[in-house]
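Below is one structure; the comments refer to it alone.
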Amino acid sequence: MSELRWKQGDAVLYAFERELLVSNKVYEPVTQTPAEHVVRTTNEDGSDGVPYKPKAFPVGVWSVYTPLARTSMYTAPYFIPTNACQLVEEWTLDEHGLYQYPAGRTVMDYGYGLHHSAIEYTFGCLRIVNVPDLLWLVERLKQEGLVHMEVT
């Protein structure tokens, strides 16, 4: 049994028999404005990939790694990385940097994790709503080492 369990769409992540409030509201770039809002996939090496439309945290059983301290309003105070990945559809941009249409290609997107954010949406990561819950989970993960997260 995985130490972390979450069902897509649910507002609760089960972590070591504790319930943590979460959300997975995904940023919708197609209806947003230009270049500074282009969302790019994350390559396996962590570098930026191609423009795409974010999707919910992927279904599967994923490894959860050591939490990383962060200062960004989008990922502070910690980002908890996983090896979660999924195929996403690449999008083309027009001459103004606006989303135009699907490119007809799929690419693998990496970089999914768990974190708190000052805003309600993510690019597919699982957002832990309450910072004290995140801090509790970070301490627990530091004690446990490598754990697994099952997403259904």
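Residue numbers start at 1 in each chain; chains themselves are named A, B, ... in the order of the structure tokens; ligands are numbered from 1 in the order shown.
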Please list as a count of residues only every residue within 12 Å of Arg70 of chain A, counting only C-alpha atoms and excluding residues in the same chain fewer than 6 positions away. 9
For Val12 of chain A, work out the shell of residues within 10 Å, counting only C-alpha atoms and skipping chain neighbours fewer than 4 positions away, then give it as a list of chain:residue names. A:Arg5, A:Trp6, A:Lys7, A:Gln8, A:Arg18, A:Glu19, A:Leu20, A:Leu21, A:Val22, A:Ser23, A:Ile128, A:Val129
Taking only segment 34-147 of chain A into account, list the residues labelled strand (DSSP E or B) by DSSP (computed from the backbone), as a count of residues only. 48
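Residues with any atom within 6 Å of segment 132-148 of chain A, counting only C-alpha atoms and excluding same-chain neighbours fewer than 2 positions away, are Ser2, Glu3, Trp62, Ser63, Val64, Tyr65 and Asn130 of chain A.
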Check the smallest atom-to-atom distance from each of A:Phe123, A:Trp91, A:Tyr27, A:Tyr110 to Ser47 of chain A using only C-alpha atoms, then report the winner. A:Tyr110
Where does DSSP see helix (DSSP H, G or I) in segment 22-142 of chain A, if you list the residues as an MDAnalysis selection string? chainID A and resid 29:31 35:37 131:142
Shell around Lys55 of chain A at 10 Å using only C-alpha atoms, local window under 6 positions removed, as a short mmCIF file (atom, residue, chain, number, x, y, z; two decimals) with N, CA, C and O atoms, in the first residue's frame:
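This is the output file selection-v9.cif:
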data_model
loop_
_atom_site.label_atom_id
_atom_site.label_comp_id
_atom_site.auth_asym_id
_atom_site.auth_seq_id
_atom_site.Cartn_x
_atom_site.Cartn_y
_atom_site.Cartn_z
N ASN A 24 -6.31 20.46 -7.16
CA ASN A 24 -5.57 20.22 -8.39
C ASN A 24 -6.20 21.03 -9.51
O ASN A 24 -6.40 20.56 -10.62
N LYS A 25 -6.53 22.29 -9.17
CA LYS A 25 -7.08 23.21 -10.16
C LYS A 25 -5.96 23.57 -11.14
O LYS A 25 -4.93 24.12 -10.74
N VAL A 26 -6.15 23.23 -12.39
CA VAL A 26 -5.09 23.38 -13.39
C VAL A 26 -5.23 24.70 -14.15
O VAL A 26 -6.32 25.07 -14.57
N TYR A 27 -4.11 25.38 -14.29
CA TYR A 27 -4.03 26.63 -15.02
C TYR A 27 -4.48 26.42 -16.46
O TYR A 27 -4.10 25.44 -17.09
N GLU A 28 -5.30 27.32 -16.98
CA GLU A 28 -5.86 27.23 -18.34
C GLU A 28 -5.20 28.28 -19.23
O GLU A 28 -5.69 29.39 -19.35
N GLN A 86 3.57 12.27 -17.66
CA GLN A 86 2.47 11.87 -18.54
C GLN A 86 2.64 12.52 -19.90
O GLN A 86 3.31 13.55 -20.04
N LEU A 87 2.00 11.91 -20.89
CA LEU A 87 1.99 12.49 -22.23
C LEU A 87 1.01 13.65 -22.26
O LEU A 87 -0.10 13.57 -21.73
N VAL A 88 1.45 14.75 -22.88
CA VAL A 88 0.61 15.94 -23.05
C VAL A 88 0.70 16.39 -24.51
O VAL A 88 1.65 16.05 -25.22
N GLU A 89 -0.27 17.15 -24.91
CA GLU A 89 -0.32 17.63 -26.28
C GLU A 89 0.45 18.94 -26.42
O GLU A 89 0.19 19.90 -25.68
N ASP A 109 5.71 14.96 -20.21
CA ASP A 109 5.87 16.07 -19.28
C ASP A 109 6.24 15.51 -17.91
O ASP A 109 5.60 14.59 -17.41
N THR A 122 -2.33 25.32 -10.32
CA THR A 122 -0.96 24.86 -10.58
C THR A 122 -0.87 24.44 -12.05
O THR A 122 -1.86 24.52 -12.78
N PHE A 123 0.27 23.97 -12.46
CA PHE A 123 0.45 23.44 -13.82
C PHE A 123 0.28 21.92 -13.80
O PHE A 123 0.82 21.22 -14.63
N GLY A 124 -0.46 21.42 -12.84
CA GLY A 124 -0.72 19.99 -12.71
C GLY A 124 -0.27 19.41 -11.39
O GLY A 124 -0.65 18.29 -11.04
N CYS A 125 0.54 20.15 -10.65
CA CYS A 125 0.98 19.67 -9.35
C CYS A 125 -0.19 19.61 -8.37
O CYS A 125 -1.21 20.26 -8.57
#
Would you kindly return, as a ChimeraX atom specification, each protein, DNA or RNA residue with an atom no farther than 12 Å from any atom of Tyr52 of chain A, considering only C-alpha atoms and excluding same-chain residues fewer than 5 positions away? /A:27-30,37-42,87-93,98-109,123-124
Suppose we keep N, CA, C and O atoms; can you now write the selection as a tab-separated table (two decimals), in the first residue's frame?
chain	number	residue	atom	x	y	z
A	27	TYR	N	-4.11	25.38	-14.29
A	27	TYR	CA	-4.03	26.63	-15.02
A	27	TYR	C	-4.48	26.42	-16.46
A	27	TYR	O	-4.10	25.44	-17.09
A	28	GLU	N	-5.30	27.32	-16.98
A	28	GLU	CA	-5.86	27.23	-18.34
A	28	GLU	C	-5.20	28.28	-19.23
A	28	GLU	O	-5.69	29.39	-19.35
A	29	PRO	N	-4.06	27.95	-19.84
A	29	PRO	CA	-3.33	28.95	-20.63
A	29	PRO	C	-4.00	29.34	-21.93
A	29	PRO	O	-3.77	30.42	-22.45
A	30	VAL	N	-4.83	28.51	-22.48
A	30	VAL	CA	-5.43	28.80	-23.78
A	30	VAL	C	-6.33	30.02	-23.71
A	30	VAL	O	-6.47	30.76	-24.67
A	37	HIS	N	2.63	34.21	-20.31
A	37	HIS	CA	1.75	33.18	-19.76
A	37	HIS	C	1.88	31.84	-20.48
A	37	HIS	O	1.09	30.93	-20.22
A	38	VAL	N	2.83	31.70	-21.38
A	38	VAL	CA	3.03	30.42	-22.07
A	38	VAL	C	3.56	29.41	-21.06
A	38	VAL	O	4.52	29.66	-20.35
A	39	VAL	N	2.91	28.27	-21.00
A	39	VAL	CA	3.31	27.20	-20.10
A	39	VAL	C	4.08	26.18	-20.92
A	39	VAL	O	3.62	25.75	-21.98
A	40	ARG	N	5.25	25.81	-20.45
A	40	ARG	CA	6.09	24.85	-21.17
A	40	ARG	C	6.20	23.56	-20.36
A	40	ARG	O	6.22	23.58	-19.13
A	41	THR	N	6.28	22.45	-21.09
A	41	THR	CA	6.48	21.17	-20.43
A	41	THR	C	7.81	21.20	-19.68
A	41	THR	O	8.68	22.04	-19.96
A	42	THR	N	7.97	20.26	-18.76
A	42	THR	CA	9.25	20.08	-18.08
A	42	THR	C	9.86	18.80	-18.63
A	42	THR	O	9.23	17.74	-18.61
A	87	LEU	N	2.00	11.91	-20.89
A	87	LEU	CA	1.99	12.49	-22.23
A	87	LEU	C	1.01	13.65	-22.26
A	87	LEU	O	-0.10	13.57	-21.73
A	88	VAL	N	1.45	14.75	-22.88
A	88	VAL	CA	0.61	15.94	-23.05
A	88	VAL	C	0.70	16.39	-24.51
A	88	VAL	O	1.65	16.05	-25.22
A	89	GLU	N	-0.27	17.15	-24.91
A	89	GLU	CA	-0.32	17.63	-26.28
A	89	GLU	C	0.45	18.94	-26.42
A	89	GLU	O	0.19	19.90	-25.68
A	90	GLU	N	1.37	18.98	-27.37
A	90	GLU	CA	2.11	20.20	-27.66
A	90	GLU	C	1.18	21.19	-28.37
A	90	GLU	O	0.30	20.79	-29.14
A	91	TRP	N	1.35	22.48	-28.11
A	91	TRP	CA	0.57	23.53	-28.77
A	91	TRP	C	1.48	24.44	-29.58
A	91	TRP	O	2.63	24.67	-29.22
A	92	THR	N	0.95	24.98	-30.67
A	92	THR	CA	1.70	25.97	-31.46
A	92	THR	C	1.30	27.36	-30.97
A	92	THR	O	0.21	27.55	-30.42
A	93	LEU	N	2.21	28.30	-31.18
A	93	LEU	CA	1.97	29.69	-30.82
A	93	LEU	C	1.93	30.52	-32.09
A	93	LEU	O	2.62	30.21	-33.06
A	98	LEU	N	0.71	33.93	-28.67
A	98	LEU	CA	-0.55	33.43	-28.14
A	98	LEU	C	-0.76	31.98	-28.56
A	98	LEU	O	-0.34	31.58	-29.64
A	99	TYR	N	-1.44	31.23	-27.71
A	99	TYR	CA	-1.76	29.85	-28.07
A	99	TYR	C	-2.62	29.85	-29.32
A	99	TYR	O	-3.57	30.61	-29.44
A	100	GLN	N	-2.25	28.99	-30.27
A	100	GLN	CA	-2.96	28.94	-31.54
A	100	GLN	C	-3.81	27.68	-31.65
A	100	GLN	O	-5.02	27.75	-31.71
A	101	TYR	N	-3.16	26.51	-31.68
A	101	TYR	CA	-3.89	25.25	-31.80
A	101	TYR	C	-2.94	24.10	-31.46
A	101	TYR	O	-1.72	24.27	-31.45
A	102	PRO	N	-3.51	22.91	-31.19
A	102	PRO	CA	-2.65	21.76	-30.92
A	102	PRO	C	-1.75	21.47	-32.12
A	102	PRO	O	-2.17	21.60	-33.27
A	103	ALA	N	-0.50	21.10	-31.84
A	103	ALA	CA	0.50	20.87	-32.89
A	103	ALA	C	0.38	19.48	-33.51
A	103	ALA	O	1.05	19.19	-34.49
A	104	GLY	N	-0.45	18.61	-32.93
A	104	GLY	CA	-0.58	17.26	-33.47
A	104	GLY	C	0.51	16.31	-32.98
A	104	GLY	O	0.68	15.23	-33.53
A	105	ARG	N	1.24	16.73	-31.93
A	105	ARG	CA	2.29	15.89	-31.36
A	105	ARG	C	2.08	15.79	-29.85
A	105	ARG	O	1.60	16.74	-29.23
A	106	THR	N	2.47	14.68	-29.29
A	106	THR	CA	2.47	14.56	-27.84
A	106	THR	C	3.90	14.43	-27.35
A	106	THR	O	4.76	13.91	-28.06
A	107	VAL	N	4.14	14.94	-26.16
A	107	VAL	CA	5.46	14.87	-25.53
A	107	VAL	C	5.27	14.47	-24.07
A	107	VAL	O	4.20	14.66	-23.50
A	108	MET	N	6.31	13.92	-23.48
A	108	MET	CA	6.25	13.53	-22.08
A	108	MET	C	6.54	14.76	-21.23
A	108	MET	O	7.47	15.51	-21.49
A	109	ASP	N	5.71	14.96	-20.21
A	109	ASP	CA	5.87	16.07	-19.28
A	109	ASP	C	6.24	15.51	-17.91
A	109	ASP	O	5.60	14.59	-17.41
A	123	PHE	N	0.27	23.97	-12.46
A	123	PHE	CA	0.45	23.44	-13.82
A	123	PHE	C	0.28	21.92	-13.80
A	123	PHE	O	0.82	21.22	-14.63
A	124	GLY	N	-0.46	21.42	-12.84
A	124	GLY	CA	-0.72	19.99	-12.71
A	124	GLY	C	-0.27	19.41	-11.39
A	124	GLY	O	-0.65	18.29	-11.04
Just the number, please: distance in Å from atom CA of Tyr74 of chain A to atom CA of Pro54 of chain A, one decimal. 15.6 Å
